[in-house]
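What follows is one structure encoded as structure tokens, with my remarks underneath.
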Amino acid sequence: MSALLIGRFQPFHKGHLAVIKKILSEADELIIVVGSSQHRDAEDNPFSADVRAEMIRRVLEAEGISSVQIFKVPDIGDDNRYPGHVMEHVPSFDVVYSGNSLVQRLFGAAGKEVRKISLIKRDEYSGTEIRRRMAAGEEWKHLVPEAVVKYLNEIKGVERVKKFSSL
Ligand code: NAD
């Protein structure tokens with residue numbers, strides 16, 4: 001069985017990693033879509049799609065996970081066309097996993113099997129909260145995998161978040 005997971009991953013955190021491990025306990029292979037790929041250099045979207053894909057690639061490598069392919073997909077103006085738009089960018093898949101109610105609804109309406117993800121520690125394992133902590137100079141490193149900490153250090157990721165923050 002082939003699964004699909006869509007996210008913005010701004011940044012990739014431990015909630016995302018737990019979800020990937022859970023999916024791969026049920027599926028043979030996983031397609032990860034880095035969504036909103038056109039966005040970068042903004043408060044809600046500081047990291048480019050290339051940077052987000054590289055975060056994920058490094059975490060998967062560190063975890064010894066190989067049955068995953070990563071694709072970058074831009075948003076489109078019409079939600080109802082979004083599932084078809086994603087399908088044009090990725091290989092075929094059987095099931096969509098998501099904790100995002102809009103994604104669940106759109107792919108369900110497009111005839112795809114949707115499995116709901118339960119959020120883990122949603123107050124902390126949250127891109128919004130992690131970016132807020134980075135901008136405010138608070139502790140955030142325990143909320144993301146070690147490979148992400150290392151990579152963000154290399155690319156001065158916290159400075160990037162601060163640069164676009166309105167805090
Ligand atoms: P996200 O990075 O917040 O989350 C990715 C996935 O991980 C989601 O399924 C989410 O539920 C799950 N997750 C997040 N935190 C978790 C936690 N603590 N524990 C367990 N699971 C957790 O990304 P998102 O907002 O769900 O991404 C949806 C993407 O789809 C966006 O890029 C959005 O723009 C895109 N989209 C586009 C359109 C369009 O272009 N018209 C329409 C719908 C969705």
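Please note that chains go A, B, ... in the order of the structure tokens, that every chain numbers its residues from 1, and that ligands are numbered from 1 in the order shown.
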Using only C-alpha atoms, what table do you get, as a tab-separated table, when you list each residue of stretch 53-153 of chain A with an atom no more than 9 Å from stretch 15-28 of chain A, its nearest pair of atoms, and their distance in Å rounded to one decimal, rows by chain then rising number?
residue	atom	partner	partner_atom	distance
A:Ile56	CA	A:Leu17	CA	8.9
A:Val59	CA	A:Leu17	CA	8.2
A:Leu60	CA	A:Leu17	CA	8.7
A:Ile65	CA	A:Lys21	CA	8.9
A:Ser67	CA	A:Asp28	CA	7.3
A:Val95	CA	A:Ala27	CA	8.9
A:Tyr97	CA	A:Ile23	CA	7.7
A:Ile117	CA	A:Val19	CA	7.4
A:Ser118	CA	A:Val19	CA	8.7
A:Leu119	CA	A:Gly15	CA	7.4
A:Ile120	CA	A:Gly15	CA	5.9
A:Lys121	CA	A:Gly15	CA	7.5
A:Arg122	CA	A:Gly15	CA	8.0
A:Glu124	CA	A:Gly15	CA	8.9
A:Tyr125	CA	A:Gly15	CA	5.3
A:Ser126	CA	A:Gly15	CA	7.6
A:Leu143	CA	A:Gly15	CA	8.3
A:Val144	CA	A:Gly15	CA	8.3
A:Pro145	CA	A:Leu17	CA	7.9
*Would you mind listing the residues within 9 Å of ligand 1, counting only C-alpha atoms and all ligand atoms, as number ranges by chain?*
A: 5-20, 33-37, 73-83, 85-86, 97-104, 106, 116-128
_Non-local contacts of A:Pro46 (7 Å; only C-alpha atoms; under 2 positions in same chain excluded) as a ChimeraX atom specification_ = /A:40-44,48,160-161,164
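Contact shell of A:Ala135 at 7 Å (only C-alpha atoms; same-chain neighbours under 4 positions omitted): Arg131, Val161, Lys162, Ser165 and Leu167 of chain A.
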*Separation of atom CA of A:Arg57 and atom CA of A:Ala147, in Å?*
9.5 Å
_strand (DSSP E or B) residues, from DSSP on the backbone, in stretch 2-94 of chain A, as JSON, numbers by chain_ = {"A": [2, 3, 4, 5, 6, 7, 29, 30, 31, 32, 33, 34, 68, 69, 70, 71, 72]}
Using C-alpha atoms, can you write the selected residues to a file as an mmCIF file, in the first residue's frame?
data_model
loop_
_atom_site.group_PDB
_atom_site.id
_atom_site.type_symbol
_atom_site.label_atom_id
_atom_site.label_comp_id
_atom_site.auth_asym_id
_atom_site.auth_seq_id
_atom_site.Cartn_x
_atom_site.Cartn_y
_atom_site.Cartn_z
ATOM 1 C CA SER A 2 1.272 3.438 -0.947
ATOM 2 C CA ALA A 3 0.524 6.457 1.264
ATOM 3 C CA LEU A 4 0.632 10.227 0.803
ATOM 4 C CA LEU A 5 1.363 12.889 3.450
ATOM 5 C CA ILE A 6 1.094 16.605 2.648
ATOM 6 C CA GLY A 7 2.508 19.360 4.805
ATOM 7 C CA GLU A 29 5.899 3.276 0.814
ATOM 8 C CA LEU A 30 5.249 6.921 1.490
ATOM 9 C CA ILE A 31 5.075 9.968 -0.761
ATOM 10 C CA ILE A 32 5.700 13.220 1.089
ATOM 11 C CA VAL A 33 4.416 16.391 -0.534
ATOM 12 C CA VAL A 34 6.098 19.604 0.526
ATOM 13 C CA VAL A 68 9.965 7.622 1.083
ATOM 14 C CA GLN A 69 9.874 9.932 -1.947
ATOM 15 C CA ILE A 70 9.621 13.715 -1.571
ATOM 16 C CA PHE A 71 7.878 16.062 -4.040
ATOM 17 C CA LYS A 72 7.373 19.825 -3.978
#
_If you run DSSP on the backbone here, which positions in stretch 2-118 of chain A get helix (DSSP H, G or I)? Please write them as a VMD selection string._
chain A and resid 14 to 26 49 to 63 79 to 89 101 to 109
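Atom CA of A:Gly157 is positioned 9.1 Å from atom CA of A:Met134.
In this structure, atom CA of A:Val149 sits 23.6 Å away from atom CA of A:Gln38.
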